[in-house]
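Below: data_18.cif (mmCIF, C-alpha atoms)
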data_target
#
loop_
_atom_site.group_PDB
_atom_site.id
_atom_site.type_symbol
_atom_site.label_atom_id
_atom_site.label_comp_id
_atom_site.auth_asym_id
_atom_site.auth_seq_id
_atom_site.Cartn_x
_atom_site.Cartn_y
_atom_site.Cartn_z
ATOM 1 C CA MET A 95 -38.879 -73.538 74.689
ATOM 2 C CA GLU A 96 -35.104 -73.920 74.842
ATOM 3 C CA THR A 97 -33.315 -73.386 78.133
ATOM 4 C CA ARG A 98 -29.756 -72.242 78.599
ATOM 5 C CA ASP A 99 -27.286 -73.187 81.327
ATOM 6 C CA ASP A 100 -25.439 -70.592 83.408
ATOM 7 C CA THR A 101 -22.375 -70.594 81.165
ATOM 8 C CA GLU A 102 -24.483 -69.202 78.311
ATOM 9 C CA LEU A 103 -25.688 -66.320 80.462
ATOM 10 C CA GLY A 104 -22.296 -64.638 80.749
ATOM 11 C CA PRO A 105 -19.631 -64.116 83.440
ATOM 12 C CA SER A 106 -21.985 -62.749 86.111
ATOM 13 C CA ALA A 107 -24.180 -65.858 86.062
ATOM 14 C CA ALA A 108 -21.157 -68.152 86.179
ATOM 15 C CA LEU A 109 -19.753 -66.125 89.075
ATOM 16 C CA GLY A 110 -23.082 -66.408 90.863
ATOM 17 C CA ARG A 111 -23.021 -70.182 90.476
ATOM 18 C CA ARG A 112 -19.461 -70.358 91.852
ATOM 19 C CA GLU A 113 -20.407 -68.175 94.811
ATOM 20 C CA ARG A 114 -23.378 -70.422 95.572
ATOM 21 C CA ALA A 115 -21.118 -73.467 95.429
ATOM 22 C CA LYS A 116 -18.658 -71.805 97.802
ATOM 23 C CA ALA A 117 -21.456 -70.876 100.186
ATOM 24 C CA GLU A 118 -22.754 -74.450 100.155
ATOM 25 C CA LYS A 119 -19.276 -75.846 100.872
ATOM 26 C CA ARG A 120 -18.804 -73.352 103.681
ATOM 27 C CA ALA A 121 -22.149 -74.329 105.201
ATOM 28 C CA ARG A 122 -21.237 -78.032 105.049
ATOM 29 C CA ILE A 123 -17.844 -77.377 106.653
ATOM 30 C CA LEU A 124 -19.443 -75.303 109.409
ATOM 31 C CA ALA A 125 -22.069 -77.947 110.126
ATOM 32 C CA ALA A 126 -19.510 -80.757 110.147
ATOM 33 C CA ALA A 127 -17.067 -78.845 112.346
ATOM 34 C CA ARG A 128 -19.743 -77.887 114.853
ATOM 35 C CA ALA A 129 -21.078 -81.440 115.087
ATOM 36 C CA LEU A 130 -17.628 -82.984 115.519
ATOM 37 C CA PHE A 131 -16.440 -80.376 118.026
ATOM 38 C CA GLU A 132 -19.561 -80.925 120.105
ATOM 39 C CA GLU A 133 -19.389 -84.718 119.860
ATOM 40 C CA ARG A 134 -15.633 -85.313 120.165
ATOM 41 C CA GLY A 135 -14.235 -82.113 121.616
ATOM 42 C CA PHE A 136 -11.537 -79.889 120.186
ATOM 43 C CA GLU A 137 -8.498 -82.053 120.898
ATOM 44 C CA ARG A 138 -9.934 -85.234 119.379
ATOM 45 C CA THR A 139 -11.269 -83.619 116.207
ATOM 46 C CA SER A 140 -8.995 -83.391 113.165
ATOM 47 C CA MET A 141 -9.282 -81.277 110.046
ATOM 48 C CA SER A 142 -9.345 -84.446 107.927
ATOM 49 C CA GLU A 143 -12.377 -85.707 109.854
ATOM 50 C CA VAL A 144 -14.154 -82.424 109.268
ATOM 51 C CA ALA A 145 -13.356 -82.672 105.550
ATOM 52 C CA ARG A 146 -14.763 -86.208 105.336
ATOM 53 C CA ALA A 147 -17.917 -85.258 107.220
ATOM 54 C CA ALA A 148 -18.410 -82.221 104.974
ATOM 55 C CA ASP A 149 -17.671 -84.251 101.823
ATOM 56 C CA VAL A 150 -14.910 -81.901 100.679
ATOM 57 C CA ALA A 151 -11.173 -82.254 100.144
ATOM 58 C CA GLU A 152 -9.036 -81.615 103.204
ATOM 59 C CA GLY A 153 -7.335 -78.764 101.373
ATOM 60 C CA THR A 154 -10.738 -77.106 100.926
ATOM 61 C CA VAL A 155 -11.191 -76.886 104.693
ATOM 62 C CA PHE A 156 -7.854 -75.079 104.969
ATOM 63 C CA GLN A 157 -9.070 -72.567 102.383
ATOM 64 C CA TYR A 158 -11.778 -71.509 104.833
ATOM 65 C CA ALA A 159 -9.753 -71.814 108.061
ATOM 66 C CA ALA A 160 -5.956 -71.921 108.142
ATOM 67 C CA THR A 161 -5.777 -73.803 111.461
ATOM 68 C CA LYS A 162 -8.023 -75.968 113.580
ATOM 69 C CA VAL A 163 -8.421 -73.247 116.188
ATOM 70 C CA GLU A 164 -9.398 -70.825 113.403
ATOM 71 C CA LEU A 165 -12.006 -73.376 112.326
ATOM 72 C CA LEU A 166 -13.355 -73.327 115.885
ATOM 73 C CA MET A 167 -13.491 -69.536 115.792
ATOM 74 C CA MET A 168 -15.301 -69.743 112.450
ATOM 75 C CA VAL A 169 -17.973 -71.861 114.173
ATOM 76 C CA VAL A 170 -18.140 -69.456 117.126
ATOM 77 C CA ASP A 171 -18.511 -66.476 114.778
ATOM 78 C CA ALA A 172 -21.396 -68.164 112.963
ATOM 79 C CA LEU A 173 -23.206 -69.101 116.196
ATOM 80 C CA TRP A 174 -22.669 -65.721 117.841
ATOM 81 C CA GLY A 175 -23.780 -63.925 114.705
ATOM 82 C CA ALA A 176 -26.944 -66.025 114.542
ATOM 83 C CA HIS A 177 -27.689 -65.132 118.150
ATOM 84 C CA GLU A 178 -27.207 -61.422 117.449
ATOM 85 C CA ARG A 179 -29.531 -61.573 114.458
ATOM 86 C CA ALA A 180 -32.174 -63.543 116.328
ATOM 87 C CA THR A 181 -32.553 -61.267 119.311
ATOM 88 C CA THR A 182 -31.647 -57.830 120.535
ATOM 89 C CA THR A 183 -31.884 -58.903 124.181
ATOM 90 C CA PRO A 184 -30.934 -62.398 125.377
ATOM 91 C CA SER A 185 -33.912 -64.550 126.303
ATOM 92 C CA LEU A 186 -32.005 -66.636 128.847
ATOM 93 C CA SER A 187 -32.659 -65.627 132.453
ATOM 94 C CA ALA A 188 -30.008 -64.009 134.621
ATOM 95 C CA PHE A 189 -28.025 -66.394 136.768
ATOM 96 C CA ALA A 190 -28.207 -64.638 140.142
ATOM 97 C CA ALA A 191 -29.082 -66.933 143.038
ATOM 98 C CA PRO A 192 -32.862 -66.769 143.710
ATOM 99 C CA GLY A 193 -33.788 -64.365 146.477
ATOM 100 C CA THR A 194 -30.299 -62.890 146.726
ATOM 101 C CA ALA A 195 -30.149 -59.133 147.188
ATOM 102 C CA THR A 196 -27.288 -57.563 145.264
ATOM 103 C CA ALA A 197 -25.561 -54.204 145.502
ATOM 104 C CA GLY A 198 -25.751 -53.693 141.753
ATOM 105 C CA GLY A 199 -29.538 -53.997 141.654
ATOM 106 C CA GLU A 200 -31.182 -53.563 138.289
ATOM 107 C CA THR A 201 -27.944 -52.647 136.502
ATOM 108 C CA SER A 202 -26.341 -55.920 137.600
ATOM 109 C CA ASP A 203 -29.463 -57.808 136.531
ATOM 110 C CA ARG A 204 -29.270 -56.317 133.040
ATOM 111 C CA ILE A 205 -25.574 -57.104 132.682
ATOM 112 C CA ALA A 206 -26.084 -60.644 133.959
ATOM 113 C CA GLU A 207 -28.799 -61.053 131.330
ATOM 114 C CA LEU A 208 -26.439 -59.865 128.586
ATOM 115 C CA ILE A 209 -23.682 -62.335 129.453
ATOM 116 C CA SER A 210 -25.939 -65.275 130.306
ATOM 117 C CA PRO A 211 -25.789 -66.798 126.771
ATOM 118 C CA LEU A 212 -21.980 -66.712 126.956
ATOM 119 C CA VAL A 213 -22.041 -68.352 130.388
ATOM 120 C CA THR A 214 -24.512 -70.996 129.226
ATOM 121 C CA ALA A 215 -22.441 -71.857 126.142
ATOM 122 C CA MET A 216 -19.228 -72.097 128.152
ATOM 123 C CA ARG A 217 -20.891 -74.429 130.632
ATOM 124 C CA ARG A 218 -22.352 -76.624 127.922
ATOM 125 C CA TRP A 219 -19.023 -77.023 126.096
ATOM 126 C CA PRO A 220 -16.322 -76.425 128.745
ATOM 127 C CA GLU A 221 -13.388 -77.797 126.758
ATOM 128 C CA LEU A 222 -14.320 -75.836 123.645
ATOM 129 C CA ALA A 223 -14.947 -72.760 125.767
ATOM 130 C CA THR A 224 -11.434 -72.955 127.193
ATOM 131 C CA TRP A 225 -9.955 -72.854 123.698
ATOM 132 C CA VAL A 226 -12.251 -70.011 122.682
ATOM 133 C CA ALA A 227 -11.323 -68.013 125.794
ATOM 134 C CA ARG A 228 -7.620 -68.518 125.095
ATOM 135 C CA GLU A 229 -8.047 -67.326 121.536
ATOM 136 C CA ILE A 230 -10.071 -64.286 122.553
ATOM 137 C CA LEU A 231 -7.519 -63.279 125.178
ATOM 138 C CA PHE A 232 -4.214 -64.418 123.679
ATOM 139 C CA GLY A 233 -4.727 -65.681 120.115
ATOM 140 C CA ALA A 234 -2.848 -64.632 116.998
ATOM 141 C CA ASP A 235 -4.397 -62.091 114.646
ATOM 142 C CA MET A 236 -6.447 -64.248 112.266
ATOM 143 C CA PRO A 237 -9.576 -63.485 110.200
ATOM 144 C CA HIS A 238 -12.130 -65.565 112.120
ATOM 145 C CA ARG A 239 -10.674 -64.498 115.479
ATOM 146 C CA ARG A 240 -11.073 -60.861 114.412
ATOM 147 C CA ARG A 241 -14.724 -61.507 113.638
ATOM 148 C CA VAL A 242 -15.248 -63.080 117.065
ATOM 149 C CA LEU A 243 -13.509 -60.095 118.667
ATOM 150 C CA ASN A 244 -16.018 -57.875 116.864
ATOM 151 C CA HIS A 245 -18.786 -59.756 118.672
ATOM 152 C CA VAL A 246 -16.913 -59.334 121.963
ATOM 153 C CA ASP A 247 -16.588 -55.595 121.272
ATOM 154 C CA ARG A 248 -20.332 -55.312 120.681
ATOM 155 C CA LEU A 249 -21.044 -57.190 123.917
ATOM 156 C CA GLU A 250 -18.695 -54.857 125.794
ATOM 157 C CA GLU A 251 -20.451 -51.846 124.257
ATOM 158 C CA GLN A 252 -23.810 -53.166 125.480
ATOM 159 C CA ILE A 253 -22.414 -53.739 128.970
ATOM 160 C CA ALA A 254 -20.813 -50.285 129.002
ATOM 161 C CA ALA A 255 -24.165 -48.743 128.051
ATOM 162 C CA ARG A 256 -25.807 -50.517 131.010
ATOM 163 C CA LEU A 257 -23.045 -49.276 133.313
ATOM 164 C CA GLN A 258 -23.507 -45.718 132.099
ATOM 165 C CA ASP A 259 -27.277 -45.958 132.530
ATOM 166 C CA GLY A 260 -26.777 -47.269 136.057
ATOM 167 C CA ARG A 261 -24.358 -44.489 136.904
ATOM 168 C CA ALA A 262 -26.760 -41.846 135.606
ATOM 169 C CA ASP A 263 -29.638 -43.380 137.568
ATOM 170 C CA ALA A 264 -27.569 -43.451 140.760
ATOM 171 C CA SER A 265 -26.193 -39.927 140.429
ATOM 172 C CA GLY A 266 -29.248 -38.176 139.026
ATOM 173 C CA ALA A 267 -29.275 -35.616 136.279
ATOM 174 C CA ILE A 268 -27.519 -32.941 138.356
ATOM 175 C CA GLY A 269 -24.816 -35.288 139.544
ATOM 176 C CA ALA A 270 -24.231 -36.569 136.022
ATOM 177 C CA ALA A 271 -23.823 -33.009 134.750
ATOM 178 C CA ARG A 272 -21.391 -32.275 137.578
ATOM 179 C CA ASP A 273 -19.363 -35.375 136.766
ATOM 180 C CA GLY A 274 -19.093 -34.271 133.152
ATOM 181 C CA ALA A 275 -17.794 -30.885 134.253
ATOM 182 C CA THR A 276 -15.388 -32.027 136.962
ATOM 183 C CA GLY A 277 -14.231 -35.473 135.773
ATOM 184 C CA THR A 278 -10.609 -36.503 135.569
ATOM 185 C CA ALA A 279 -8.666 -34.327 133.153
ATOM 186 C CA GLY A 280 -8.352 -35.949 129.752
ATOM 187 C CA GLU A 281 -10.877 -38.700 130.559
ATOM 188 C CA GLU A 282 -13.190 -39.446 127.659
ATOM 189 C CA PRO A 283 -16.930 -39.698 128.373
ATOM 190 C CA GLY A 284 -17.837 -43.252 129.294
ATOM 191 C CA ALA A 285 -14.209 -44.285 129.917
ATOM 192 C CA ALA A 286 -15.044 -45.824 133.298
ATOM 193 C CA ALA A 287 -17.971 -47.738 131.819
ATOM 194 C CA ALA A 288 -15.863 -49.031 128.910
ATOM 195 C CA ALA A 289 -13.104 -50.168 131.275
ATOM 196 C CA GLY A 290 -15.695 -51.820 133.520
ATOM 197 C CA ALA A 291 -17.208 -53.669 130.561
ATOM 198 C CA ARG A 292 -13.791 -55.040 129.580
ATOM 199 C CA LEU A 293 -13.194 -56.162 133.168
ATOM 200 C CA ILE A 294 -16.517 -57.999 133.249
ATOM 201 C CA VAL A 295 -15.965 -59.876 129.977
ATOM 202 C CA ALA A 296 -12.346 -60.783 130.788
ATOM 203 C CA GLY A 297 -13.369 -61.735 134.331
ATOM 204 C CA VAL A 298 -16.179 -63.998 133.130
ATOM 205 C CA LEU A 299 -13.791 -65.836 130.804
ATOM 206 C CA ALA A 300 -11.202 -66.215 133.572
ATOM 207 C CA GLU A 301 -13.647 -67.299 136.288
ATOM 208 C CA LEU A 302 -15.364 -69.881 134.094
ATOM 209 C CA ASN A 303 -11.962 -71.324 133.260
ATOM 210 C CA ARG A 304 -11.091 -71.433 136.974
ATOM 211 C CA SER A 305 -14.397 -73.161 137.655
ATOM 212 C CA ARG A 306 -13.645 -75.792 135.000
ATOM 213 C CA GLN A 307 -10.309 -76.411 136.716
ATOM 214 C CA ARG A 308 -12.116 -76.596 140.088
ATOM 215 C CA ARG A 309 -10.179 -73.663 141.480
ATOM 216 C CA ILE A 310 -13.138 -71.754 142.965
ATOM 217 C CA ASP A 311 -12.913 -73.563 146.336
ATOM 218 C CA GLY A 312 -16.355 -75.073 146.144
ATOM 219 C CA GLU A 313 -18.161 -71.762 145.673
ATOM 220 C CA ASN A 314 -20.987 -71.639 143.181
ATOM 221 C CA VAL A 315 -19.638 -70.028 140.013
ATOM 222 C CA ASP A 316 -22.911 -68.110 139.645
ATOM 223 C CA VAL A 317 -22.232 -66.373 142.954
ATOM 224 C CA VAL A 318 -18.648 -65.615 141.929
ATOM 225 C CA LEU A 319 -19.717 -64.116 138.614
ATOM 226 C CA ARG A 320 -22.493 -62.069 140.173
ATOM 227 C CA ARG A 321 -20.064 -60.725 142.784
ATOM 228 C CA LEU A 322 -17.703 -59.723 139.970
ATOM 229 C CA ILE A 323 -20.492 -57.842 138.205
ATOM 230 C CA ASP A 324 -21.621 -56.122 141.403
ATOM 231 C CA LEU A 325 -18.081 -54.967 142.181
ATOM 232 C CA VAL A 326 -17.624 -53.494 138.711
ATOM 233 C CA VAL A 327 -21.053 -51.848 138.803
ATOM 234 C CA ALA A 328 -20.227 -50.276 142.171
ATOM 235 C CA GLY A 329 -16.817 -49.147 140.939
ATOM 236 C CA ALA A 330 -18.159 -47.654 137.727
ATOM 237 C CA GLY A 331 -20.858 -45.841 139.686
ATOM 238 C CA ALA A 332 -18.285 -44.357 142.061
ATOM 239 C CA ALA A 333 -15.759 -43.414 139.355
ATOM 240 C CA ARG A 334 -15.165 -39.712 138.908
#
Could you quickly redo this structure as structure tokens?
Amino acid sequence: METRDDTELGPSAALGRRERAKAEKRARILAAARALFEERGFERTSMSEVARAADVAEGTVFQYAATKVELLMMVVDALWGAHERATTTPSLSAFAAPGTATAGGETSDRIAELISPLVTAMRRWPELATWVAREILFGADMPHRRRVLNHVDRLEEQIAARLQDGRADASGAIGAARDGATGTAGEEPGAAAAAGARLIVAGVLAELNRSRQRRIDGENVDVVLRRLIDLVVAGAGAAR
């Protein structure tokens, strides 16, 4: 029986072959970039090295990421997305000091669990994490950065939900109903929780960067981060 190649099957088949080729190139670029960033760090890795490792032209790399920092954000997006698809709740344990009683209680535990993969990644690759934190907080509006910010938004939404749950548990059903009736004029429901979630994420990025620069005065960064969470949990619970 005769076989036909894709070009004989019409434009859709040819398009499918091109899309597969693009996906394969993208996968090679991602793998090469991740390996080189992990091995050499951000500063010592060049786009040309990534191109050679991926077996593509240097110009091809720039088609997928316009700058080196965008290439890093492309890697972060892929890793974060894989984590989101793999689990709905992080499997890494919370980082509170063993046996330490905390004001935030269960709510703080849940939030610590949510951010623990971020903390672990930033500890494992401190130099890369510094660049990622800078881009999240101060970077230019670029496609891969926007995708990473989408992940950050989803993390903040999860944290805000935990804060709201904690506030409802602390206040009780009657207190929660009263808060809804007598809250600050013009305040949207969950505004305190959303603001608290943003404070936690921004604070984690800032404190881990301070720890890398050894500016935490010898304190264990775990204790600093847990204190930050407890303060926000207490503030969100008291907000009216």
- Message: What's around A:Leu222 at 10 Å? Count only C-alpha atoms, leave out sequence neighbours fewer than 5 positions away in its own chain, and write the answer as a ChimeraX atom specification.
- Response: /A:131-132,135-137,163,166,170,215-217,227
- Message: So that I can check the surroundings of stretch 209-212 of chain A, please list as number ranges by chain every protein, DNA and RNA residue that reaches within 12 Å of it, counting all atoms listed in the file and ignoring chain neighbours fewer than 2 positions away.
- Response: A: 170, 173-174, 177-178, 181, 183-190, 202-207, 214-220, 223, 226-227, 245-246, 248-250, 252-253, 291, 294-299, 302, 316, 319-320, 323
Explicit residue set for the PyMOL selection byres ((chain A and resi 159) around 12), as a PDB file with C-alpha atoms, in the coordinates of the input:
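Everything below was put into selection-v9.pdb:
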ATOM      1  CA  ARG A 120     -18.804 -73.352 103.681  1.00  0.00           C
ATOM      2  CA  ILE A 123     -17.844 -77.377 106.653  1.00  0.00           C
ATOM      3  CA  LEU A 124     -19.443 -75.303 109.409  1.00  0.00           C
ATOM      4  CA  ALA A 127     -17.067 -78.845 112.346  1.00  0.00           C
ATOM      5  CA  MET A 141      -9.282 -81.277 110.046  1.00  0.00           C
ATOM      6  CA  VAL A 144     -14.154 -82.424 109.268  1.00  0.00           C
ATOM      7  CA  ALA A 145     -13.356 -82.672 105.550  1.00  0.00           C
ATOM      8  CA  GLU A 152      -9.036 -81.615 103.204  1.00  0.00           C
ATOM      9  CA  GLY A 153      -7.335 -78.764 101.373  1.00  0.00           C
ATOM     10  CA  THR A 154     -10.738 -77.106 100.926  1.00  0.00           C
ATOM     11  CA  VAL A 155     -11.191 -76.886 104.693  1.00  0.00           C
ATOM     12  CA  PHE A 156      -7.854 -75.079 104.969  1.00  0.00           C
ATOM     13  CA  GLN A 157      -9.070 -72.567 102.383  1.00  0.00           C
ATOM     14  CA  TYR A 158     -11.778 -71.509 104.833  1.00  0.00           C
ATOM     15  CA  ALA A 160      -5.956 -71.921 108.142  1.00  0.00           C
ATOM     16  CA  THR A 161      -5.777 -73.803 111.461  1.00  0.00           C
ATOM     17  CA  LYS A 162      -8.023 -75.968 113.580  1.00  0.00           C
ATOM     18  CA  VAL A 163      -8.421 -73.247 116.188  1.00  0.00           C
ATOM     19  CA  GLU A 164      -9.398 -70.825 113.403  1.00  0.00           C
ATOM     20  CA  LEU A 165     -12.006 -73.376 112.326  1.00  0.00           C
ATOM     21  CA  LEU A 166     -13.355 -73.327 115.885  1.00  0.00           C
ATOM     22  CA  MET A 167     -13.491 -69.536 115.792  1.00  0.00           C
ATOM     23  CA  MET A 168     -15.301 -69.743 112.450  1.00  0.00           C
ATOM     24  CA  VAL A 169     -17.973 -71.861 114.173  1.00  0.00           C
ATOM     25  CA  MET A 236      -6.447 -64.248 112.266  1.00  0.00           C
ATOM     26  CA  PRO A 237      -9.576 -63.485 110.200  1.00  0.00           C
ATOM     27  CA  HIS A 238     -12.130 -65.565 112.120  1.00  0.00           C
ATOM     28  CA  ARG A 239     -10.674 -64.498 115.479  1.00  0.00           C
TER      29      ARG A 239
END
- Hey, which of A:Ala172, A:Ala180, A:Ala287, A:Leu130 ends up closest to A:Asp259? Count only C-alpha atoms.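 With only C-alpha atoms as the atom set, the closest residue is A:Ala287.
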- Message: With only C-alpha atoms as the counted atoms, please give the residues lying no more than 8 Å from A:Leu257, apart from itself and same-chain residues fewer than 6 positions off, as number ranges by chain.
- Response: A: 201, 287, 290-291, 327, 330-331
Could you give me the centre and size, in Å to one decimal, of an axis-aligned box around all listed atoms of stretch 245-260 of chain A with 3 Å added on every side, as AutoDock Vina command-line options?
--center_x -21.9 --center_y -52.7 --center_z 127.4 --size_x 16.7 --size_y 20.0 --size_z 23.4
Fill-in result for stretch 130-144 of chain A, N, CA, C and O atoms as a PDB file, keeping the file's coordinate frame:
ATOM      1  N   LEU A 130     -18.776 -82.229 115.021  1.00  0.00           N
ATOM      2  CA  LEU A 130     -17.628 -82.984 115.519  1.00  0.00           C
ATOM      3  C   LEU A 130     -17.035 -82.356 116.772  1.00  0.00           C
ATOM      4  O   LEU A 130     -16.654 -83.065 117.713  1.00  0.00           O
ATOM      5  N   PHE A 131     -16.949 -81.038 116.819  1.00  0.00           N
ATOM      6  CA  PHE A 131     -16.440 -80.376 118.026  1.00  0.00           C
ATOM      7  C   PHE A 131     -17.328 -80.684 119.221  1.00  0.00           C
ATOM      8  O   PHE A 131     -16.840 -80.936 120.331  1.00  0.00           O
ATOM      9  N   GLU A 132     -18.638 -80.648 119.007  1.00  0.00           N
ATOM     10  CA  GLU A 132     -19.561 -80.925 120.105  1.00  0.00           C
ATOM     11  C   GLU A 132     -19.497 -82.389 120.530  1.00  0.00           C
ATOM     12  O   GLU A 132     -19.566 -82.697 121.722  1.00  0.00           O
ATOM     13  N   GLU A 133     -19.373 -83.285 119.559  1.00  0.00           N
ATOM     14  CA  GLU A 133     -19.389 -84.718 119.860  1.00  0.00           C
ATOM     15  C   GLU A 133     -18.061 -85.196 120.422  1.00  0.00           C
ATOM     16  O   GLU A 133     -18.027 -85.955 121.402  1.00  0.00           O
ATOM     17  N   ARG A 134     -16.944 -84.755 119.818  1.00  0.00           N
ATOM     18  CA  ARG A 134     -15.633 -85.313 120.165  1.00  0.00           C
ATOM     19  C   ARG A 134     -14.746 -84.355 120.962  1.00  0.00           C
ATOM     20  O   ARG A 134     -13.760 -84.785 121.557  1.00  0.00           O
ATOM     21  N   GLY A 135     -15.091 -83.093 120.972  1.00  0.00           N
ATOM     22  CA  GLY A 135     -14.235 -82.113 121.616  1.00  0.00           C
ATOM     23  C   GLY A 135     -13.191 -81.579 120.649  1.00  0.00           C
ATOM     24  O   GLY A 135     -12.983 -82.121 119.559  1.00  0.00           O
ATOM     25  N   PHE A 136     -12.506 -80.530 121.065  1.00  0.00           N
ATOM     26  CA  PHE A 136     -11.537 -79.889 120.186  1.00  0.00           C
ATOM     27  C   PHE A 136     -10.318 -80.765 119.951  1.00  0.00           C
ATOM     28  O   PHE A 136      -9.877 -80.963 118.814  1.00  0.00           O
ATOM     29  N   GLU A 137      -9.751 -81.304 121.003  1.00  0.00           N
ATOM     30  CA  GLU A 137      -8.498 -82.053 120.898  1.00  0.00           C
ATOM     31  C   GLU A 137      -8.636 -83.280 120.004  1.00  0.00           C
ATOM     32  O   GLU A 137      -7.721 -83.613 119.243  1.00  0.00           O
ATOM     33  N   ARG A 138      -9.765 -83.961 120.081  1.00  0.00           N
ATOM     34  CA  ARG A 138      -9.934 -85.234 119.379  1.00  0.00           C
ATOM     35  C   ARG A 138     -10.492 -85.082 117.971  1.00  0.00           C
ATOM     36  O   ARG A 138     -10.671 -86.080 117.266  1.00  0.00           O
ATOM     37  N   THR A 139     -10.756 -83.865 117.564  1.00  0.00           N
ATOM     38  CA  THR A 139     -11.269 -83.619 116.207  1.00  0.00           C
ATOM     39  C   THR A 139     -10.131 -83.183 115.307  1.00  0.00           C
ATOM     40  O   THR A 139      -9.323 -82.335 115.681  1.00  0.00           O
ATOM     41  N   SER A 140     -10.042 -83.764 114.116  1.00  0.00           N
ATOM     42  CA  SER A 140      -8.995 -83.391 113.165  1.00  0.00           C
ATOM     43  C   SER A 140      -9.625 -82.701 111.951  1.00  0.00           C
ATOM     44  O   SER A 140     -10.816 -82.862 111.659  1.00  0.00           O
ATOM     45  N   MET A 141      -8.810 -81.953 111.259  1.00  0.00           N
ATOM     46  CA  MET A 141      -9.282 -81.277 110.046  1.00  0.00           C
ATOM     47  C   MET A 141      -9.700 -82.299 108.990  1.00  0.00           C
ATOM     48  O   MET A 141     -10.649 -82.070 108.234  1.00  0.00           O
ATOM     49  N   SER A 142      -8.999 -83.424 108.918  1.00  0.00           N
ATOM     50  CA  SER A 142      -9.345 -84.446 107.927  1.00  0.00           C
ATOM     51  C   SER A 142     -10.717 -85.043 108.218  1.00  0.00           C
ATOM     52  O   SER A 142     -11.485 -85.340 107.290  1.00  0.00           O
ATOM     53  N   GLU A 143     -11.049 -85.203 109.506  1.00  0.00           N
ATOM     54  CA  GLU A 143     -12.377 -85.707 109.854  1.00  0.00           C
ATOM     55  C   GLU A 143     -13.459 -84.712 109.465  1.00  0.00           C
ATOM     56  O   GLU A 143     -14.532 -85.110 108.982  1.00  0.00           O
ATOM     57  N   VAL A 144     -13.188 -83.452 109.665  1.00  0.00           N
ATOM     58  CA  VAL A 144     -14.154 -82.424 109.268  1.00  0.00           C
ATOM     59  C   VAL A 144     -14.360 -82.468 107.754  1.00  0.00           C
ATOM     60  O   VAL A 144     -15.483 -82.390 107.260  1.00  0.00           O
TER      61      VAL A 144
END
